[in-house]
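First comes the structure, then the notes that go with it.
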Amino acid sequence: MSSFTLDGQTVTFDAGQTIMQAALAAGIYIPRLCYHPDLKPHGSCKLCTVKVNGRQASSCTYQAQDGLVVESNTSELNDERRALLQMLFVEGNHFCPSCEASGNCQLQATAYELQMMTPHYDHFYPDRPLDASHPDYLLDFNRCILCSLCIRASRDVDGKNVFALSGRGINTHLIVNAASGQLADTGFSGDDKAAHVCPVGVILKKRSGFRVPIGKRSYDIRSIGDLAEPGES
Amino acid sequence: MTAPPKLKIATTSLAGCFGCHMSLLDIDERLFDLLELVEFDRSPLTDIKHCGACDIGFIEGGVCNAENVHVLREFRANCRILIAVGACAINGGLPAQRNHLSLPSILEEVYHTSIGLAPGNAIPNDPELPLPLDKVHPLHEVVKIDYFIPGCPPSADAIWKVLNDILAGRKPELGHGLMHYD
């Protein structure tokens, strides 16, 4: 069977698997925000950047090959990942104490895992109004990190194309694909894949936010890097 | 053998709610252990009004008015190590939720146009009151901060861990369970 080494550990893989997929199957955590095992990789958040034979690459898009030497959990890469997280935190409004997703948020949990004690940079404090038009779901764009998971889920799984990214560079933002720009005027529903892939607190089910109290949520119980068993995503 | 000189700690709350100070007090009987190693200078706990030369400054709350800036600079000028404690000190927190609104529009709504105001109500302009800043800022946007303890508030255990790390000369670290932003 083909294999590569990840931080010195031998990882076997099936033909066609990416480094990320092989690592997950082996129960090894590589930090990530825009990767979801059920969706096509996007390679945009760059949290999963590893060194492959000494050169940086996104592990979610890089095909595993026999004999590769991959480094992931190094202080150099983790310092760069922490800087990416800090930029995500200051570009949006991530006020965790008031966020329904706190404790279930992958951005927050990844920042815990990488020991982000401070956002370090100057905050942007952008003005991003909410969209509460839909009867069952709320969109809080303040927390969007542009991972595009909802876009890919809605387009590739739900076949609805409810979400899109608009603008360029620092002006890139998530939009809703309706003439009014309102979620209520799309075919979005709670049964959609797109309703369940947001890694942060943008797409929120109404009237259920605090059923599980803060302190008893997913990443309060275990750290995001603590994969319960090999193959768990 | 004489005991080593105690380290001096100053504490203050700027645009905060004193929740982080309550969490400091929540270290409970460990306060006795702490007081073997440190003594408090300027702090709401001592009621000393100005900071002398200190080893550690413990600051909760962000910077929302001119007085906050003066106090923060006094701490920076006098403390060898400054620690930003809690969400507000680190990212502005709750007070910073006004940052996407203009200050005049907020004052106008609070003191002129909101319902239930007494007749003749006006925006306060007593010279004793510090002027609000246009935006609320975390501490590190105003002075250099050496260490950060996240949380709203950080747990007593998190504060205890960081203080102990610093007192022992270690880089402060918070493992899973102690690191919280909420």
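Chain lettering (A, B, ...) mirrors the order of the structure tokens, residue numbering begins at 1 for each chain separately, and ligand numbering begins at 1 in order of display.
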
Would you tabulate, counting only C-alpha atoms, all residues of chain B that have an atom at most 6 Å from an atom of chain A, showing the closest pair of atoms and their distance in Å to one decimal, sorted by chain then ascending number, as CSV?
```
residue,atom,partner,partner_atom,distance
B:His100,CA,A:Asp127,CA,5.2
B:Phe148,CA,A:Met117,CA,5.7
B:Tyr181,CA,A:Cys96,CA,5.9
B:Asp182,CA,A:Pro97,CA,4.2
```

Keeping only all heavy atoms, write the selected residues to a file as a short mmCIF file (atom, residue, chain, number, x, y, z; two decimals), in the first residue's frame.
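So out_34.cif came out as:
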```
data_model
loop_
_atom_site.label_atom_id
_atom_site.label_comp_id
_atom_site.auth_asym_id
_atom_site.auth_seq_id
_atom_site.Cartn_x
_atom_site.Cartn_y
_atom_site.Cartn_z
N HIS B 100 -20.14 50.15 15.01
CA HIS B 100 -20.64 50.35 13.64
C HIS B 100 -21.67 51.47 13.58
O HIS B 100 -22.21 51.77 12.51
CB HIS B 100 -21.21 49.05 13.07
CG HIS B 100 -22.47 48.59 13.75
ND1 HIS B 100 -22.46 47.94 14.96
CD2 HIS B 100 -23.77 48.73 13.39
CE1 HIS B 100 -23.71 47.67 15.30
NE2 HIS B 100 -24.51 48.14 14.37
N PHE B 148 -2.18 38.25 27.40
CA PHE B 148 -3.63 38.32 27.24
C PHE B 148 -4.27 37.12 27.93
O PHE B 148 -3.78 36.00 27.80
CB PHE B 148 -4.00 38.30 25.76
CG PHE B 148 -3.38 39.41 24.95
CD1 PHE B 148 -2.07 39.31 24.49
CD2 PHE B 148 -4.09 40.57 24.67
CE1 PHE B 148 -1.47 40.33 23.77
CE2 PHE B 148 -3.50 41.60 23.93
CZ PHE B 148 -2.20 41.48 23.48
N TYR B 181 -13.32 32.04 24.86
CA TYR B 181 -13.60 33.42 24.44
C TYR B 181 -14.99 33.85 24.92
O TYR B 181 -15.36 35.00 24.78
CB TYR B 181 -13.54 33.56 22.92
CG TYR B 181 -12.19 33.24 22.30
CD1 TYR B 181 -12.09 32.97 20.95
CD2 TYR B 181 -11.03 33.23 23.07
CE1 TYR B 181 -10.86 32.68 20.36
CE2 TYR B 181 -9.80 32.94 22.49
CZ TYR B 181 -9.72 32.67 21.13
OH TYR B 181 -8.52 32.38 20.55
N ASP B 182 -15.79 32.88 25.44
CA ASP B 182 -17.16 33.21 25.84
C ASP B 182 -17.28 33.21 27.36
O ASP B 182 -16.29 33.16 28.08
CB ASP B 182 -18.17 32.25 25.20
CG ASP B 182 -17.86 30.79 25.50
OD1 ASP B 182 -17.10 30.49 26.44
OD2 ASP B 182 -18.39 29.94 24.77
#
```

Leaving out A:Asn177 and any residue of its chain fewer than 5 positions from it, which residues lie within 10 Å of it when counting only C-alpha atoms, given as a PyMOL selection string? chain A and resi 160-165+182-183+185-187

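Every residue of stretch 128-175 of chain B with a DSSP assignment of strand (DSSP E or B), taken from the backbone, is listed as Pro132, Leu133, Asp134, Lys135, Val136, His137, Tyr147, Phe148 and Ile149 of chain B.
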
Shell of 8 Å around stretch 28-34 of chain A, only C-alpha atoms, local chain residues under 5 positions omitted, as a count of residues only: 23

Which residues in stretch 50-129 of chain A does DSSP call helix (DSSP H, G or I)? List them as a ChimeraX atom specification. /A:75-91,96-98,106-113

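Residues with any atom within 7 Å of stretch 137-144 of chain A, counting only C-alpha atoms and excluding same-chain neighbours fewer than 4 positions away, are Gly92, Asn93, His94, Arg128, Leu130, Asp131, Ala132, Val200, Gly201, Val202, Ile203, Leu204, Lys205 and Lys206 of chain A.
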
Saved selection, atoms kept: N, CA, C and O atoms, as a PDB file, in the first residue's frame:
```pdb
ATOM      1  N   GLY A  92     -13.890  40.447  10.776  1.00  0.00           N
ATOM      2  CA  GLY A  92     -15.329  40.372  11.033  1.00  0.00           C
ATOM      3  C   GLY A  92     -15.647  40.909  12.409  1.00  0.00           C
ATOM      4  O   GLY A  92     -14.828  41.600  13.022  1.00  0.00           O
ATOM      5  N   ASN A  93     -16.851  40.629  12.879  1.00  0.00           N
ATOM      6  CA  ASN A  93     -17.223  40.962  14.260  1.00  0.00           C
ATOM      7  C   ASN A  93     -17.458  39.651  14.995  1.00  0.00           C
ATOM      8  O   ASN A  93     -18.552  39.100  14.947  1.00  0.00           O
ATOM      9  N   HIS A  94     -16.420  39.156  15.644  1.00  0.00           N
ATOM     10  CA  HIS A  94     -16.510  37.862  16.322  1.00  0.00           C
ATOM     11  C   HIS A  94     -16.596  38.092  17.823  1.00  0.00           C
ATOM     12  O   HIS A  94     -15.603  38.015  18.533  1.00  0.00           O
ATOM     13  N   ARG A 128     -22.209  45.039   9.185  1.00  0.00           N
ATOM     14  CA  ARG A 128     -22.821  43.985   8.348  1.00  0.00           C
ATOM     15  C   ARG A 128     -24.203  43.647   8.900  1.00  0.00           C
ATOM     16  O   ARG A 128     -24.328  42.838   9.824  1.00  0.00           O
ATOM     17  N   LEU A 130     -27.870  42.091   9.629  1.00  0.00           N
ATOM     18  CA  LEU A 130     -28.356  40.715   9.624  1.00  0.00           C
ATOM     19  C   LEU A 130     -29.437  40.539   8.565  1.00  0.00           C
ATOM     20  O   LEU A 130     -30.031  41.493   8.097  1.00  0.00           O
ATOM     21  N   ASP A 131     -29.712  39.295   8.225  1.00  0.00           N
ATOM     22  CA  ASP A 131     -30.867  38.953   7.401  1.00  0.00           C
ATOM     23  C   ASP A 131     -31.725  37.989   8.226  1.00  0.00           C
ATOM     24  O   ASP A 131     -31.401  36.818   8.365  1.00  0.00           O
ATOM     25  N   ALA A 132     -32.819  38.534   8.782  1.00  0.00           N
ATOM     26  CA  ALA A 132     -33.720  37.711   9.598  1.00  0.00           C
ATOM     27  C   ALA A 132     -35.018  37.432   8.860  1.00  0.00           C
ATOM     28  O   ALA A 132     -36.036  37.098   9.465  1.00  0.00           O
ATOM     29  N   VAL A 200     -18.986  28.551  11.415  1.00  0.00           N
ATOM     30  CA  VAL A 200     -19.056  29.619  12.414  1.00  0.00           C
ATOM     31  C   VAL A 200     -20.524  29.886  12.741  1.00  0.00           C
ATOM     32  O   VAL A 200     -21.343  28.973  12.670  1.00  0.00           O
ATOM     33  N   GLY A 201     -20.877  31.099  13.085  1.00  0.00           N
ATOM     34  CA  GLY A 201     -22.246  31.388  13.505  1.00  0.00           C
ATOM     35  C   GLY A 201     -22.995  32.273  12.538  1.00  0.00           C
ATOM     36  O   GLY A 201     -23.668  33.209  12.970  1.00  0.00           O
ATOM     37  N   VAL A 202     -22.882  31.992  11.217  1.00  0.00           N
ATOM     38  CA  VAL A 202     -23.621  32.822  10.248  1.00  0.00           C
ATOM     39  C   VAL A 202     -25.025  32.263  10.025  1.00  0.00           C
ATOM     40  O   VAL A 202     -26.012  32.985  10.134  1.00  0.00           O
ATOM     41  N   ILE A 203     -25.121  30.969   9.702  1.00  0.00           N
ATOM     42  CA  ILE A 203     -26.410  30.364   9.370  1.00  0.00           C
ATOM     43  C   ILE A 203     -26.960  29.721  10.643  1.00  0.00           C
ATOM     44  O   ILE A 203     -26.491  28.662  11.071  1.00  0.00           O
ATOM     45  N   LEU A 204     -27.931  30.370  11.248  1.00  0.00           N
ATOM     46  CA  LEU A 204     -28.411  29.946  12.565  1.00  0.00           C
ATOM     47  C   LEU A 204     -29.883  29.586  12.508  1.00  0.00           C
ATOM     48  O   LEU A 204     -30.696  30.341  11.967  1.00  0.00           O
ATOM     49  N   LYS A 205     -30.221  28.429  13.083  1.00  0.00           N
ATOM     50  CA  LYS A 205     -31.620  28.028  13.190  1.00  0.00           C
ATOM     51  C   LYS A 205     -32.269  28.875  14.280  1.00  0.00           C
ATOM     52  O   LYS A 205     -31.737  29.005  15.378  1.00  0.00           O
ATOM     53  N   LYS A 206     -33.404  29.437  13.952  1.00  0.00           N
ATOM     54  CA  LYS A 206     -34.093  30.271  14.944  1.00  0.00           C
ATOM     55  C   LYS A 206     -34.698  29.411  16.064  1.00  0.00           C
ATOM     56  O   LYS A 206     -34.999  28.249  15.874  1.00  0.00           O
TER      57      LYS A 206
END
```

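Neighbours of B:Ala66 closer than or equal to 9 Å, with only C-alpha atoms counted and sequence neighbours fewer than 2 positions away skipped, come out as Val63, Cys64, Asn68, Val69, His70, Val71, Pro130, Leu131, Pro132 and Leu133 of chain B.
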
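Note that atom CA of B:Ala96 and atom CA of B:Ser23 are 21.4 Å apart.
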
Could you work out how far atom CA of A:Lys40 lies from atom CA of A:Gln9, giving the answer in Å with one decimal? 26.4 Å

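Closest to A:Arg217 among A:Asp136, A:Asp192, A:Glu100, A:Asp66 is A:Glu100, based on only C-alpha atoms.
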
All residues 12 Å or closer to B:Ala77, only C-alpha atoms, same chain fewer than 3 positions away omitted, as a PyMOL selection string: chain B and resi 50-57+70-74+80-82+143-145

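The protein and nucleic acid residues lying at most 9 Å from B:Ser13 are Cys17, Phe18, Cys20, His21, Ser43, Pro44, Phe58, Ile59, Glu60, Gly61, Gly62 and Asn68 of chain B, with only C-alpha atoms considered and sequence neighbours fewer than 4 positions away removed.
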